$ cat protein_5.pdb   # PDB, C-alpha atoms and all ligand atoms
MODEL        1
ATOM      1  CA  MET A   1       0.000   0.000   0.000
ATOM      2  CA  GLN A   2       1.432   3.389  -0.919
ATOM      3  CA  ASN A   3       0.910   5.824   1.896
ATOM      4  CA  PRO A   4      -1.370   8.712   0.791
ATOM      5  CA  LYS A   5       0.725  10.972   3.034
ATOM      6  CA  LEU A   6       3.492  10.802   0.412
ATOM      7  CA  ALA A   7       1.322  11.695  -2.587
ATOM      8  CA  GLY A   8       2.836  14.462  -4.681
ATOM      9  CA  SER A   9       6.070  14.545  -2.665
ATOM     10  CA  ASN A  10       9.585  13.621  -3.731
ATOM     11  CA  LEU A  11       9.508  10.548  -1.455
ATOM     12  CA  ILE A  12       8.502   6.980  -2.261
ATOM     13  CA  ASP A  13       8.064   4.087   0.178
ATOM     14  CA  ALA A  14       9.854   0.740   0.076
ATOM     15  CA  ILE A  15       9.067  -2.149   2.418
ATOM     16  CA  PRO A  16      11.769  -4.757   1.762
ATOM     17  CA  VAL A  17      10.398  -7.308   4.239
ATOM     18  CA  GLY A  18       6.716  -7.171   5.162
ATOM     19  CA  GLY A  19       4.815  -8.293   8.264
ATOM     20  CA  ILE A  20       4.236  -6.945  11.743
ATOM     21  CA  CYS A  21       7.077  -4.975  13.292
ATOM     22  CA  PRO A  22       8.143  -6.865  16.433
ATOM     23  CA  ASN A  23       9.061  -3.661  18.265
ATOM     24  CA  GLY A  24       5.369  -3.296  19.174
ATOM     25  CA  CYS A  25       5.283   0.481  19.630
ATOM     26  CA  VAL A  26       1.970   1.775  20.937
ATOM     27  CA  PRO A  27       0.328   3.422  19.145
ATOM     28  CA  CYS A  28       1.422   2.612  15.590
ATOM     29  CA  PHE A  29      -0.665   3.314  12.505
ATOM     30  CA  TYR A  30       0.704   0.240  10.743
ATOM     31  CA  ASN A  31       0.673  -2.290  13.529
ATOM     32  CA  HIS A  32      -2.455  -1.562  15.543
ATOM     33  CA  GLY A  33      -5.768  -2.289  13.944
ATOM     34  CA  ASP A  34      -5.526  -0.869  10.453
ATOM     35  CA  LEU A  35      -3.292  -3.567   9.032
ATOM     36  CA  PRO A  36      -3.806  -6.748  11.127
ATOM     37  CA  THR A  37      -0.979  -8.643   9.435
ATOM     38  CA  GLY A  38       1.302  -5.629   9.076
ATOM     39  CA  LEU A  39       2.570  -4.312   5.783
ATOM     40  CA  ASP A  40       2.990  -6.261   2.571
ATOM     41  CA  SER A  41       6.491  -6.086   1.198
ATOM     42  CA  TYR A  42       6.837  -3.572  -1.586
ATOM     43  CA  LEU A  43       9.888  -2.704  -3.651
ATOM     44  CA  PRO A  44       9.318  -0.007  -6.267
ATOM     45  CA  THR A  45      11.137  -0.452  -9.560
ATOM     46  CA  LEU A  46      13.861   1.995 -10.496
ATOM     47  CA  GLU A  47      11.419   3.327 -13.063
ATOM     48  CA  ASP A  48       8.836   3.937 -10.298
ATOM     49  CA  VAL A  49      11.478   5.668  -8.229
ATOM     50  CA  GLY A  50      12.903   7.961 -10.911
ATOM     51  CA  ASP A  51      14.568  10.850  -9.101
ATOM     52  CA  LYS A  52      12.683  10.318  -5.834
ATOM     53  CA  ILE A  53      14.149   9.545  -2.418
ATOM     54  CA  VAL A  54      13.220   6.067  -1.180
ATOM     55  CA  ARG A  55      11.923   6.010   2.383
ATOM     56  CA  VAL A  56      12.808   2.537   3.590
ATOM     57  CA  ASN A  57      10.676   0.899   6.253
ATOM     58  CA  SER A  58       8.020   3.210   7.487
ATOM     59  CA  GLY A  59       6.009   0.763   9.585
ATOM     60  CA  LYS A  60       8.728  -1.815  10.172
ATOM     61  CA  ASP A  61      12.070  -1.109  11.764
ATOM     62  CA  SER A  62      15.012  -1.251   9.336
ATOM     63  CA  THR A  63      17.215  -3.033  11.891
ATOM     64  CA  VAL A  64      14.800  -5.974  11.966
ATOM     65  CA  ASP A  65      15.861  -8.229   9.058
ATOM     66  CA  PHE A  66      18.824  -5.855   8.659
ATOM     67  CA  ASN A  67      20.807  -7.930   6.146
ATOM     68  CA  ASP A  68      17.822  -8.470   3.845
ATOM     69  CA  VAL A  69      16.775  -4.832   4.131
ATOM     70  CA  ILE A  70      20.218  -3.606   3.070
ATOM     71  CA  LYS A  71      20.525  -6.146   0.268
ATOM     72  CA  LEU A  72      17.075  -5.500  -1.191
ATOM     73  CA  THR A  73      17.460  -1.705  -1.158
ATOM     74  CA  ARG A  74      21.044  -1.563  -2.450
ATOM     75  CA  LYS A  75      19.817  -0.657  -5.944
ATOM     76  CA  TYR A  76      18.225   2.633  -4.896
ATOM     77  CA  PRO A  77      20.545   5.604  -5.437
ATOM     78  CA  LYS A  78      18.733   7.900  -2.971
ATOM     79  CA  LYS A  79      17.310   6.400   0.207
ATOM     80  CA  PHE A  80      17.076   6.675   3.947
ATOM     81  CA  TYR A  81      16.287   4.133   6.635
ATOM     82  CA  ASN A  82      14.115   4.179   9.749
ATOM     83  CA  THR A  83      14.990   2.491  13.011
ATOM     84  CA  SER A  84      14.455   2.805  16.744
ATOM     85  CA  LEU A  85      17.118   0.225  17.603
ATOM     86  CA  PRO A  86      20.669   1.459  18.197
ATOM     87  CA  THR A  87      22.379  -1.926  17.738
ATOM     88  CA  ARG A  88      23.452  -1.531  14.085
ATOM     89  CA  ILE A  89      23.191   2.227  13.747
ATOM     90  CA  CYS A  90      26.817   2.491  12.516
ATOM     91  CA  GLU A  91      26.274   0.061   9.659
ATOM     92  CA  PHE A  92      23.619   1.770   7.557
ATOM     93  CA  PRO A  93      24.891   2.768   4.113
ATOM     94  CA  ALA A  94      22.622   5.841   3.879
ATOM     95  CA  PRO A  95      21.077   8.445   6.227
ATOM     96  CA  VAL A  96      18.960   7.191   9.109
ATOM     97  CA  VAL A  97      15.922   8.569  10.897
ATOM     98  CA  PHE A  98      16.288   7.316  14.448
ATOM     99  CA  THR A  99      13.154   7.102  16.592
ATOM    100  CA  ALA A 100      14.618   8.046  19.943
ATOM    101  CA  ILE A 101      11.324   7.767  21.861
ATOM    102  CA  PRO A 102      10.092   4.315  20.880
ATOM    103  CA  ASN A 103       7.498   2.077  22.530
ATOM    104  CA  ASN A 104       7.812   3.265  26.112
ATOM    105  CA  ILE A 105       7.209   6.969  25.627
ATOM    106  CA  GLN A 106       8.474   7.918  29.086
ATOM    107  CA  TRP A 107      12.155   7.447  28.239
ATOM    108  CA  PHE A 108      14.418   8.117  25.287
ATOM    109  CA  THR A 109      17.477   6.474  23.746
ATOM    110  CA  ALA A 110      20.435   8.816  24.088
ATOM    111  CA  LEU A 111      22.918   8.023  21.331
ATOM    112  CA  SER A 112      26.461   9.086  22.143
ATOM    113  CA  GLU A 113      27.180  10.742  18.778
ATOM    114  CA  PRO A 114      25.289  11.877  15.642
ATOM    115  CA  PHE A 115      26.479   8.897  13.542
ATOM    116  CA  LYS A 116      24.912   9.383  10.064
ATOM    117  CA  LEU A 117      21.596  10.545  11.407
ATOM    118  CA  MET A 118      19.340  12.465   9.103
ATOM    119  CA  ALA A 119      17.125  13.249  12.103
ATOM    120  CA  VAL A 120      15.812  11.846  15.327
ATOM    121  CA  ARG A 121      12.103  11.341  15.617
ATOM    122  CA  LEU A 122      10.497  11.989  18.991
ATOM    123  CA  ARG A 123       7.063  10.503  19.622
ATOM    124  CA  VAL A 124       5.094  13.159  21.479
ATOM    125  CA  CYS A 125       1.869  13.266  23.458
ATOM    126  CA  SER A 126       0.598  15.600  26.139
ATOM    127  CA  TRP A 127       1.893  13.425  28.990
ATOM    128  CA  ASN A 128       5.501  12.703  27.955
ATOM    129  CA  ILE A 129       6.762  16.283  27.679
ATOM    130  CA  LYS A 130       9.510  15.883  30.276
ATOM    131  CA  THR A 131      10.954  13.036  28.206
ATOM    132  CA  VAL A 132      10.686  15.152  25.052
ATOM    133  CA  ASP A 133      12.407  18.067  26.824
ATOM    134  CA  SER A 134      15.331  15.834  27.801
ATOM    135  CA  ALA A 135      15.617  14.316  24.335
ATOM    136  CA  VAL A 136      15.516  17.744  22.655
ATOM    137  CA  ARG A 137      18.284  19.017  24.937
ATOM    138  CA  HIS A 138      20.406  15.937  24.248
ATOM    139  CA  TYR A 139      20.098  15.891  20.447
ATOM    140  CA  ALA A 140      20.063  19.659  19.926
ATOM    141  CA  GLY A 141      23.345  19.652  21.869
ATOM    142  CA  MET A 142      24.793  17.471  19.092
ATOM    143  CA  ASN A 143      23.111  19.610  16.401
ATOM    144  CA  VAL A 144      21.033  16.664  15.184
ATOM    145  CA  PRO A 145      17.730  17.703  13.525
ATOM    146  CA  ILE A 146      14.709  16.682  15.582
ATOM    147  CA  ILE A 147      11.266  15.880  14.197
ATOM    148  CA  LEU A 148       8.358  15.926  16.640
ATOM    149  CA  THR A 149       5.748  13.334  15.699
ATOM    150  CA  PHE A 150       2.464  13.691  17.562
ATOM    151  CA  LEU A 151       0.833  10.397  18.456
ATOM    152  CA  TYR A 152      -2.777   9.541  17.777
ATOM    153  CA  TRP A 153      -4.783   6.547  18.899
ATOM    154  CA  SER A 154      -7.322   4.393  17.132
ATOM    155  CA  GLU A 155     -10.971   4.547  18.149
ATOM    156  CA  SER A 156     -11.135   1.328  20.104
ATOM    157  CA  GLU A 157     -12.610   0.336  23.425
ATOM    158  CA  GLU A 158      -9.106   0.129  24.798
ATOM    159  CA  TRP A 159      -8.687   3.891  24.506
ATOM    160  CA  ASN A 160     -12.225   5.275  24.656
ATOM    161  CA  SER A 161     -12.552   5.600  28.420
ATOM    162  CA  PHE A 162      -9.083   7.124  28.753
ATOM    163  CA  PHE A 163      -9.616   9.779  26.093
ATOM    164  CA  ASN A 164     -13.152  10.614  27.138
ATOM    165  CA  ASP A 165     -11.557  11.933  30.342
ATOM    166  CA  ASN A 166      -8.660  13.673  28.593
ATOM    167  CA  GLN A 167      -9.365  17.274  27.640
ATOM    168  CA  ASP A 168      -6.251  17.585  25.429
ATOM    169  CA  TYR A 169      -7.520  15.107  22.803
ATOM    170  CA  GLU A 170     -10.513  14.849  20.498
ATOM    171  CA  LEU A 171     -11.859  12.255  18.085
ATOM    172  CA  LYS A 172     -11.143  13.346  14.510
ATOM    173  CA  LYS A 173     -11.302  11.873  11.040
ATOM    174  CA  HIS A 174      -7.933  10.561   9.866
ATOM    175  CA  ILE A 175      -6.835   8.785   6.651
ATOM    176  CA  THR A 176      -8.553   5.442   7.251
ATOM    177  CA  GLY A 177     -10.856   6.164  10.188
ATOM    178  CA  ASN A 178     -11.330   8.161  13.370
ATOM    179  CA  ARG A 179      -8.447   8.825  15.710
ATOM    180  CA  PHE A 180      -8.008  10.445  19.100
ATOM    181  CA  MET A 181      -5.816  13.382  18.144
ATOM    182  CA  ILE A 182      -4.310  16.201  20.135
ATOM    183  CA  LYS A 183      -6.232  19.481  20.088
ATOM    184  CA  GLU A 184      -4.702  22.425  18.270
ATOM    185  CA  LYS A 185      -4.237  24.524  21.403
ATOM    186  CA  GLU A 186      -2.251  21.767  23.116
ATOM    187  CA  TRP A 187      -0.252  21.068  19.933
ATOM    188  CA  SER A 188       0.749  24.746  19.746
ATOM    189  CA  ARG A 189       1.602  24.867  23.449
ATOM    190  CA  ILE A 190       3.969  21.903  23.120
ATOM    191  CA  VAL A 191       5.605  23.064  19.886
ATOM    192  CA  GLY A 192       6.018  26.525  21.434
ATOM    193  CA  ARG A 193       8.303  25.050  24.103
ATOM    194  CA  TYR A 194      10.980  24.462  21.458
ATOM    195  CA  THR A 195      10.848  27.586  19.278
ATOM    196  CA  HIS A 196      14.305  28.615  20.510
ATOM    197  CA  TYR A 197      15.783  25.367  19.135
ATOM    198  CA  PRO A 198      16.451  25.806  15.384
ATOM    199  CA  GLN A 199      16.999  22.039  15.158
ATOM    200  CA  VAL A 200      13.379  21.207  16.069
ATOM    201  CA  PHE A 201      10.751  20.588  13.374
ATOM    202  CA  THR A 202       7.310  19.004  13.345
ATOM    203  CA  CYS A 203       6.106  16.182  11.109
ATOM    204  CA  GLY A 204       3.756  18.265   8.999
ATOM    205  CA  SER A 205       1.739  21.032  10.618
ATOM    206  CA  TYR A 206      -1.324  20.815  12.832
ATOM    207  CA  ASN A 207      -3.816  20.700   9.967
ATOM    208  CA  ASN A 208      -1.654  19.341   7.186
ATOM    209  CA  HIS A 209       0.129  15.977   7.364
ATOM    210  CA  LEU A 210       1.143  15.823   3.714
ATOM    211  CA  CYS A 211       4.830  15.383   2.952
ATOM    212  CA  LYS A 212       4.583  17.480  -0.207
ATOM    213  CA  ASP A 213       3.722  20.533   1.877
ATOM    214  CA  CYS A 214       6.184  19.779   4.686
ATOM    215  CA  GLY A 215       9.406  18.915   2.896
ATOM    216  CA  ASN A 216      11.407  18.205   6.076
ATOM    217  CA  CYS A 217      12.495  14.711   5.056
ATOM    218  CA  GLU A 218      13.739  15.815   1.655
ATOM    219  CA  ARG A 219      15.603  18.786   3.092
ATOM    220  CA  LEU A 220      17.125  16.809   5.966
ATOM    221  CA  TYR A 221      18.097  13.965   3.636
ATOM    222  CA  LYS A 222      20.072  16.439   1.504
ATOM    223  CA  ARG A 223      21.689  17.894   4.626
ATOM    224  CA  ALA A 224      22.771  14.435   5.831
ATOM    225  CA  MET A 225      24.123  13.495   2.402
ATOM    226  CA  SER A 226      26.205  16.659   2.245
ATOM    227  CA  MET A 227      27.567  16.098   5.768
ATOM    228  CA  TYR A 228      28.208  12.345   5.908
ATOM    229  CA  PHE A 229      28.422  10.813   2.414
TER     230      PHE A 229
HETATM  231  S1  LIG A 301       8.559  15.211   8.512
HETATM  232 FE1  LIG A 301       7.369  16.065   6.810
HETATM  233  S2  LIG A 301       8.241  15.101   4.969
HETATM  234 FE2  LIG A 301       8.873  13.841   6.745
HETATM  235  S3  LIG A 301       7.295  12.257   7.020
HETATM  236 FE3  LIG A 301       6.657  14.007   8.321
HETATM  237  S4  LIG A 301       5.304  15.207   6.960
HETATM  238 FE4  LIG A 301       6.477  13.834   5.624
ENDMDL
END
$ encode --input "protein_5.pdb" --output "C-alpha cells" --more "lines below"
Ligand code: SF4
Amino acid sequence: MQNPKLAGSNLIDAIPVGGICPNGCVPCFYNHGDLPTGLDSYLPTLEDVGDKIVRVNSGKDSTVDFNDVIKLTRKYPKKFYNTSLPTRICEFPAPVVFTAIPNNIQWFTALSEPFKLMAVRLRVCSWNIKTVDSAVRHYAGMNVPIILTFLYWSESEEWNSFFNDNQDYELKKHITGNRFMIKEKEWSRIVGRYTHYPQVFTCGSYNNHLCKDCGNCERLYKRAMSMYF
C-alpha cells in the first residue's frame, strides 16, 4: 500500500520485508488495527522511483531483518532508513531517521554521537513532555535535527474511556478512520516550548500531514548526504 501521506512529494516508500514490526510500539498506525498482518512487502522499480528519495521501512524497523533490508534496497541511489534500535546504527549505508522515543514513551534512547543521522524522531503526546524536553536538549546539543511526531490513537474500546476523560484530545477523522488526536491549542503549546531550538521541526503542521507541503524529510536527507556521504 502506498501511503497517501506521500502523494505528490519527492519521497517513495519501500518495504523490503513485510509483516508486523516486532518492536510493538503503541500506538502505531501500521501495527495496531488498520493492518492486522502488518505491511505487505513492496519494492518499487527503479522506473517507479525515478529521481525520488526512497523512504525505507516506514512501519517496520530497518534493523529488523537488517541484512535483507540492506541487500534489497542496495539498488536505490537515494534512500534513507528508519529504526528505533541502536544496535546496528553504525552500519547503515545511507542516512537514518532514528526514533529516539520508541514504545515506552516515558524514556528516550540517548545516542552518544550523531552517527549518520538524518534526524531523530520523537514521539510526542501531552503526557511525555519531560521526556521530550530531555531528548531535545540531548540531540540539539549534538546539532542533530529533531522531528516531533504527535501520536494519535485508534478509536477502540481500549482507549475510549481514557480519552473521554482527557481534555487535550478529540476524536477526529484521519486517513482510514477516526483517531483520538491532540487538540490544536495543546499542539501549539507543546511546539512553542521548542521555538528557541532551530533544530526542532514538526512532522507536517497541525492541519496538514502531507509530505509534499512539509518537505522536512527531503531537506534533511540532503543535509545528511552533504555532511556524511
Ligand atoms: S517530517 Fe514532513 S516530509 Fe517527513 S514524514 Fe513528516 S510530513 Fe512527511
$ resolve_selection --input "protein_5.pdb" --expression "the PyMOL selection byres (((chain A and resi 64) around 12) and not hetatm)" --output "PyMOL selection string"
chain A and resi 15-23+57+59-63+65-70+81-89
$ residues_around --input "protein_5.pdb" --residues "Trp127 in chain A" --least-positions-apart "4" --cutoff "10 Å" --atoms "only C-alpha atoms" --output "JSON, numbers by chain"
{"A": [105, 106, 131, 132, 168]}
$ resolve_selection --input "protein_5.pdb" --expression "the PyMOL selection byres (((not hetatm)) within 8 of (chain A and resi 301))" --output "list of chain:residue names"
A:Lys5, A:Leu6, A:Ser9, A:Leu11, A:Ile147, A:Thr149, A:Phe201, A:Thr202, A:Cys203, A:Gly204, A:Ser205, A:His209, A:Leu210, A:Cys211, A:Lys212, A:Asp213, A:Cys214, A:Gly215, A:Asn216, A:Cys217, A:Glu218
$ resolve_selection --input "protein_5.pdb" --expression "the PyMOL selection byres (((chain A and resi 152) around 9) and not hetatm)" --output "PyMOL selection string"
chain A and resi 27-29+125+150-151+153-154+169+179-182
$ closest_residue --input "protein_5.pdb" --among "A:Ser58, A:Gln199, A:Asn207, A:Ser226" --to "Thr99 in chain A" --atoms "only C-alpha atoms"
A:Ser58
$ atom_distance --input "protein_5.pdb" --atom1 "CA of His196 in chain A" --atom2 "CA of Ala140 in chain A"
10.7 Å
$ residues_around --input "protein_5.pdb" --residues "Asp48 in chain A" --least-positions-apart "6" --cutoff "12 Å" --atoms "all atoms listed in the file" --output "number ranges by chain"
A: 2, 10-14, 42, 54, 76
$ atom_distance --input "protein_5.pdb" --atom1 "CA of Phe80 in chain A" --atom2 "CA of Pro4 in chain A"
18.8 Å
$ atom_distance --input "protein_5.pdb" --atom1 "CA of Tyr221 in chain A" --atom2 "CA of Pro145 in chain A"
10.6 Å
$ residues_around --input "protein_5.pdb" --residues "Val97 in chain A" --least-positions-apart "5" --cutoff "6 Å" --atoms "only C-alpha atoms" --output "compact mmCIF listing (two decimals) with C-alpha atoms, in the frame of the given file"
# COMPACT_ATOMS: atom_id res chain seq x y z
CA ASN A 82 14.12 4.18 9.75
CA MET A 118 19.34 12.46 9.10
CA ALA A 119 17.12 13.25 12.10
CA VAL A 120 15.81 11.85 15.33
$ closest_residue --input "protein_5.pdb" --among "A:Met225, A:Ile146, A:Leu117, A:Leu72" --to "Cys90 in chain A" --atoms "all atoms listed in the file"
A:Leu117
$ closest_residue --input "protein_5.pdb" --among "A:Arg193, A:His174, A:Asp40, A:Arg223" --to "Asp133 in chain A" --atoms "only C-alpha atoms"
A:Arg193
$ residues_near_point --input "protein_5.pdb" --point "(28.0, 9.3, -2.1)" --cutoff "12 Å" --atoms "all atoms listed in the file" --output "ChimeraX atom specification"
/A:77-79,93-95,222,224-229
$ residues_around --input "protein_5.pdb" --residues "Tyr206 in chain A" --least-positions-apart "6" --cutoff "9 Å" --atoms "only C-alpha atoms" --output "count of residues only"
4
$ residues_around --input "protein_5.pdb" --residues "Thr109 in chain A" --least-positions-apart "2" --cutoff "7 Å" --atoms "only C-alpha atoms" --output "list in words"
Ala100, Ile101 and Leu111 of chain A
$ decode --input "protein_5.pdb" --residues "range 203-221 of chain A" --atoms "C-alpha atoms" --output "compact mmCIF listing (two decimals), in the first residue's frame"
# COMPACT_ATOMS: atom_id res chain seq x y z
CA CYS A 203 6.11 16.18 11.11
CA GLY A 204 3.76 18.27 9.00
CA SER A 205 1.74 21.03 10.62
CA TYR A 206 -1.32 20.82 12.83
CA ASN A 207 -3.82 20.70 9.97
CA ASN A 208 -1.65 19.34 7.19
CA HIS A 209 0.13 15.98 7.36
CA LEU A 210 1.14 15.82 3.71
CA CYS A 211 4.83 15.38 2.95
CA LYS A 212 4.58 17.48 -0.21
CA ASP A 213 3.72 20.53 1.88
CA CYS A 214 6.18 19.78 4.69
CA GLY A 215 9.41 18.91 2.90
CA ASN A 216 11.41 18.21 6.08
CA CYS A 217 12.50 14.71 5.06
CA GLU A 218 13.74 15.82 1.65
CA ARG A 219 15.60 18.79 3.09
CA LEU A 220 17.13 16.81 5.97
CA TYR A 221 18.10 13.97 3.64
